[in-house]
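Below: one structure, written as structure tokens.
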Amino acid sequence: MSRIVKNPLDENHVIISTYRKKRPFQQKELRCPFCVGSDEVTESFNKAISLPNKYPSLSMDYEHAKGICEVILYSDNHTKTLTDHSSEFIESVIRHWISRIKEIEKNTDLEYIFIFENYGKKIGVSLEHPHGQIYSFPFIPKTILEKYRSFEDTCVYCDETILIHENSTFNISTVEFAKWPFELHIYPKNHIHSLAQLNEREIKDLALCLQLAFQSLYSKFGKNTPYILGIYQTYIKDHSDIFHLHIELISPMITKDRFKFRAGIETSLGIFINSVDPLEFSEEMRNIIKRFEK
Ligand SMILES: [Zn+2]
Ligand SMILES: [Zn+2]
């Protein structure tokens, strides 16, 4: 069981979830729970599927921590990451995200849906088999409220990013205020607020941008580099056109073997010190992406 507590000092929420301590870290001798033959996966599959998280910190059954924690598997292949698949396959994953959003947002107790992926042991990922996740919360996370307020004034994605690559409907950029040594922002040119608003052309273009963004990450640091992919949409009950949908792909790697830790000033005050200049980073990314453009 869990409970949600709001910190009155900074208005962030904390989820107290002691049950998660039982969560296994995958050991070599144990079978992967996401490969065929496990309790959860009985047949071979080659399309995105959702499974309930076995150790959820939020659940519709919890009285004080209502929500949803879902695992998204891309395929039964234990080593193929999201963007090792074809762009057509990535499009089908985007359609899966959209169908899950439409289903989850019917639940009137929920306020926010976050789709994300953590990859890499260095950032604490317990299971090797590539998988994304969906969390849905009964509150609007403070970060989303802050982003929303900023969009009420001006839209950074319409006005102020550092462009790296564009196709007909999507951009890959970085920002002058990048916190991480590797930080890409992928967003539609059209100022829309959720994945569910994407048209067919935009789904195709997003898949191509995701592929290029990951190719540039792998090209810079190698294949098993840790990353976090986060999809930022507006909150469920907002029907205004204020928020601009965006996806952030970040990696804590500075070089292939140097890692940025979130130390005192980052953790205590949220002030990041980035040793990579986003202007130089954007130039480097432009050159890398050019090599992969078709
Ligand atoms: Zn596996
Ligand atoms: Zn915008």
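Identifiers for the structure tokens are assigned positionally: chains receive A, B, ... in sequence, residues are indexed from 1 per chain, and ligands are indexed from 1 in the order shown.
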
Please write out the residues within 6 Å of ligand 2 as a VMD selection string, counting only C-alpha atoms and all ligand atoms. chain A and resid 155 157 to 158 191 244

Which chains and residue numbers are within 9 Å of ligand 1, counting only C-alpha atoms and all ligand atoms, if I want them as a list in words?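 Every residue with an atom at most 9 Å from ligand 1 is listed here: Arg31, Cys32, Pro33, Phe34, Cys35, Val36, Asp76, Asn77, His78, Thr79, Leu127, Glu128, His129 and Pro130 of chain A.
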
Produce a file of the selected residues containing N, CA, C and O atoms, as a PDB file, in the first residue's frame.
```
ATOM      1  N   ARG A  31      15.200 -15.629 -14.417  1.00  0.00           N
ATOM      2  CA  ARG A  31      14.566 -15.445 -15.718  1.00  0.00           C
ATOM      3  C   ARG A  31      14.023 -14.041 -15.859  1.00  0.00           C
ATOM      4  O   ARG A  31      13.481 -13.497 -14.907  1.00  0.00           O
ATOM      5  N   CYS A  32      14.147 -13.464 -17.070  1.00  0.00           N
ATOM      6  CA  CYS A  32      13.590 -12.132 -17.298  1.00  0.00           C
ATOM      7  C   CYS A  32      12.060 -12.219 -17.297  1.00  0.00           C
ATOM      8  O   CYS A  32      11.487 -13.012 -18.036  1.00  0.00           O
ATOM      9  N   PRO A  33      11.381 -11.386 -16.491  1.00  0.00           N
ATOM     10  CA  PRO A  33       9.911 -11.475 -16.431  1.00  0.00           C
ATOM     11  C   PRO A  33       9.222 -10.997 -17.711  1.00  0.00           C
ATOM     12  O   PRO A  33       8.032 -11.207 -17.885  1.00  0.00           O
ATOM     13  N   PHE A  34       9.994 -10.343 -18.629  1.00  0.00           N
ATOM     14  CA  PHE A  34       9.378  -9.831 -19.864  1.00  0.00           C
ATOM     15  C   PHE A  34       9.733 -10.665 -21.089  1.00  0.00           C
ATOM     16  O   PHE A  34       9.369 -10.330 -22.209  1.00  0.00           O
ATOM     17  N   CYS A  35      10.490 -11.745 -20.903  1.00  0.00           N
ATOM     18  CA  CYS A  35      10.773 -12.641 -22.028  1.00  0.00           C
ATOM     19  C   CYS A  35       9.702 -13.739 -22.059  1.00  0.00           C
ATOM     20  O   CYS A  35       9.075 -14.047 -21.039  1.00  0.00           O
ATOM     21  N   VAL A  36       9.520 -14.318 -23.249  1.00  0.00           N
ATOM     22  CA  VAL A  36       8.501 -15.363 -23.402  1.00  0.00           C
ATOM     23  C   VAL A  36       8.830 -16.528 -22.464  1.00  0.00           C
ATOM     24  O   VAL A  36       9.989 -16.920 -22.336  1.00  0.00           O
ATOM     25  N   ASP A  76       9.159  -9.009 -27.642  1.00  0.00           N
ATOM     26  CA  ASP A  76       9.697 -10.032 -26.730  1.00  0.00           C
ATOM     27  C   ASP A  76      11.221 -10.120 -26.825  1.00  0.00           C
ATOM     28  O   ASP A  76      11.840 -10.957 -26.183  1.00  0.00           O
ATOM     29  N   ASN A  77      11.819  -9.251 -27.644  1.00  0.00           N
ATOM     30  CA  ASN A  77      13.275  -9.271 -27.800  1.00  0.00           C
ATOM     31  C   ASN A  77      13.950  -8.597 -26.589  1.00  0.00           C
ATOM     32  O   ASN A  77      13.665  -7.447 -26.275  1.00  0.00           O
ATOM     33  N   HIS A  78      14.842  -9.326 -25.943  1.00  0.00           N
ATOM     34  CA  HIS A  78      15.426  -8.889 -24.672  1.00  0.00           C
ATOM     35  C   HIS A  78      16.429  -7.736 -24.827  1.00  0.00           C
ATOM     36  O   HIS A  78      16.760  -7.058 -23.843  1.00  0.00           O
ATOM     37  N   THR A  79      16.919  -7.516 -26.056  1.00  0.00           N
ATOM     38  CA  THR A  79      17.950  -6.482 -26.199  1.00  0.00           C
ATOM     39  C   THR A  79      17.534  -5.328 -27.117  1.00  0.00           C
ATOM     40  O   THR A  79      18.178  -4.285 -27.130  1.00  0.00           O
ATOM     41  N   LEU A 127      15.243  -3.783 -14.393  1.00  0.00           N
ATOM     42  CA  LEU A 127      15.111  -4.864 -15.373  1.00  0.00           C
ATOM     43  C   LEU A 127      15.730  -4.448 -16.713  1.00  0.00           C
ATOM     44  O   LEU A 127      15.476  -3.359 -17.194  1.00  0.00           O
ATOM     45  N   GLU A 128      16.513  -5.367 -17.286  1.00  0.00           N
ATOM     46  CA  GLU A 128      17.255  -5.056 -18.519  1.00  0.00           C
ATOM     47  C   GLU A 128      16.371  -4.941 -19.763  1.00  0.00           C
ATOM     48  O   GLU A 128      16.632  -4.151 -20.647  1.00  0.00           O
ATOM     49  N   HIS A 129      15.363  -5.773 -19.848  1.00  0.00           N
ATOM     50  CA  HIS A 129      14.516  -5.859 -21.048  1.00  0.00           C
ATOM     51  C   HIS A 129      13.911  -4.473 -21.335  1.00  0.00           C
ATOM     52  O   HIS A 129      13.191  -3.938 -20.495  1.00  0.00           O
ATOM     53  N   PRO A 130      14.216  -3.870 -22.506  1.00  0.00           N
ATOM     54  CA  PRO A 130      13.726  -2.507 -22.747  1.00  0.00           C
ATOM     55  C   PRO A 130      12.206  -2.392 -22.558  1.00  0.00           C
ATOM     56  O   PRO A 130      11.454  -3.213 -23.081  1.00  0.00           O
TER      57      PRO A 130
END
```

Produce a table with one row for each residue of stretch 107-226 of chain A that has an atom at most 10 Å from any atom of stretch 6-19 of chain A, each row naming the nearest atom pair and its distance in Å at one decimal; use only C-alpha atoms; arrange rows by chain and rising residue number; format as JSON lines.
```
{"residue": "A:Phe139", "atom": "CA", "partner": "A:His13", "partner_atom": "CA", "distance": 8.6}
{"residue": "A:Ile140", "atom": "CA", "partner": "A:His13", "partner_atom": "CA", "distance": 9.3}
{"residue": "A:Pro141", "atom": "CA", "partner": "A:Asn12", "partner_atom": "CA", "distance": 7.1}
{"residue": "A:Lys142", "atom": "CA", "partner": "A:Asn12", "partner_atom": "CA", "distance": 5.7}
{"residue": "A:Thr143", "atom": "CA", "partner": "A:Asn12", "partner_atom": "CA", "distance": 8.4}
```

How far is it from atom CA of A:Leu217 to atom CA of A:Glu183, in Å with one decimal?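 Result for atom CA of A:Leu217 versus atom CA of A:Glu183: 9.6 Å, one decimal.
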
Selection near stretch 250-254 of chain A, 6 Å with only C-alpha atoms, sequence-local residues under 5 positions removed, as a ChimeraX atom specification: /A:181-183,227-228,259-260

Please provide the set of residues having any atom within 6 Å of A:Phe243, restricted to only C-alpha atoms, with same-chain residues fewer than 2 positions apart removed, written as a list in words.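 My list of contacting residues is Tyr148, Phe151, His193, Thr234 and Asp241 of chain A.
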
Mind dumping the selected residues with N, CA and C atoms as an mmCIF file, in the first residue's frame?
```
data_model
loop_
_atom_site.group_PDB
_atom_site.id
_atom_site.type_symbol
_atom_site.label_atom_id
_atom_site.label_comp_id
_atom_site.auth_asym_id
_atom_site.auth_seq_id
_atom_site.Cartn_x
_atom_site.Cartn_y
_atom_site.Cartn_z
ATOM 1 N N TYR A 148 3.066 24.776 -17.324
ATOM 2 C CA TYR A 148 1.801 25.340 -17.807
ATOM 3 C C TYR A 148 1.786 26.863 -17.628
ATOM 4 N N PHE A 151 3.875 28.559 -20.168
ATOM 5 C CA PHE A 151 3.231 28.624 -21.488
ATOM 6 C C PHE A 151 2.143 29.702 -21.539
ATOM 7 N N HIS A 193 -1.428 20.203 -27.535
ATOM 8 C CA HIS A 193 -1.095 19.899 -26.138
ATOM 9 C C HIS A 193 -1.021 18.428 -25.750
ATOM 10 N N THR A 234 -0.281 18.177 -21.508
ATOM 11 C CA THR A 234 -1.022 18.925 -20.506
ATOM 12 C C THR A 234 -1.772 17.966 -19.589
ATOM 13 N N ASP A 241 -5.646 25.549 -25.258
ATOM 14 C CA ASP A 241 -4.509 25.294 -26.156
ATOM 15 C C ASP A 241 -3.239 25.962 -25.616
#
```

For A:Glu284, which residue out of A:Ser216, A:Ser59, A:Asn224, A:Asn190 is the nearest one, using only C-alpha atoms?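 Using only C-alpha atoms, A:Glu284 sits closest to A:Ser216.
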
Counting only C-alpha atoms, the residue among A:Gln211, A:Asn167, A:Asn199, A:Ser219 that lies closest to A:Glu88 is A:Gln211

Between A:Ser75, A:Thr81, A:Ser126, A:Ser57, single out the one closest to A:Met1, counting only C-alpha atoms.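 Of A:Ser75, A:Thr81, A:Ser126, A:Ser57, the one nearest A:Met1 is A:Ser57, counting only C-alpha atoms.
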
Would you give me, as a PyMOL selection string, the residues in stretch 3-249 of chain A that DSSP reads as alpha helix (DSSP H)? chain A and resi 87-104+142-153+156-159+200-221

Considering only C-alpha atoms, return as a PyMOL selection string whatever protein or nucleic-acid residues lie within 10 Å of A:Ile192, sequence-local ones (same chain, fewer than 4 positions apart) excluded. chain A and resi 187-188+196-198+233-234+240-246

Mind checking which residues fall within 12 Å of A:Arg262, counting only C-alpha atoms, ignoring those fewer than 3 positions away in the same chain, and posting them as a PyMOL selection string? chain A and resi 123+179-180+252-253+259+265-274

Write out as a count of residues only which residues come within 12 Å of A:Ile98 when counting only C-alpha atoms, dropping same-chain ones fewer than 5 positions away. 20

For atom CA of A:Val71 and atom CA of A:Glu117, determine how far apart the two atoms are, in Å to one decimal place. 9.5 Å

Figure out the distance between atom CA of A:Pro226 and atom CA of A:Ile144, please, to one decimal in Å.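 Interatomic distance, atom CA of A:Ile144 to atom CA of A:Pro226: 24.0 Å.
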
Out of A:Leu51, A:Leu30, A:Leu206, A:Ile162, which residue has the shortest atom-to-atom distance to A:Glu70 when counting only C-alpha atoms?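 Residue with the minimum atom-to-atom distance to A:Glu70: A:Leu51.
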
So, counting only C-alpha atoms, which residue among A:Asp109, A:Glu200, A:Asp277, A:Glu146 is closest to A:Glu176?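 That would be A:Asp277, the residue with the smallest distance to A:Glu176.
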
Taking only C-alpha atoms into account, name the residue in A:Leu212, A:Ile101, A:Leu184, A:Val125 that is nearest to A:Ile289.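 When distances to A:Ile289 are compared using only C-alpha atoms, the smallest one comes from A:Leu212.
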
Enumerate as number ranges by chain all residues of stretch 58-262 of chain A assigned to strand (DSSP E or B) by DSSP on the backbone, naming them with the chain letters and numbers the document uses. A: 68-73, 112-119, 131-137, 162-166, 170-174, 182-188, 227-232, 246-251, 253-255, 258-259
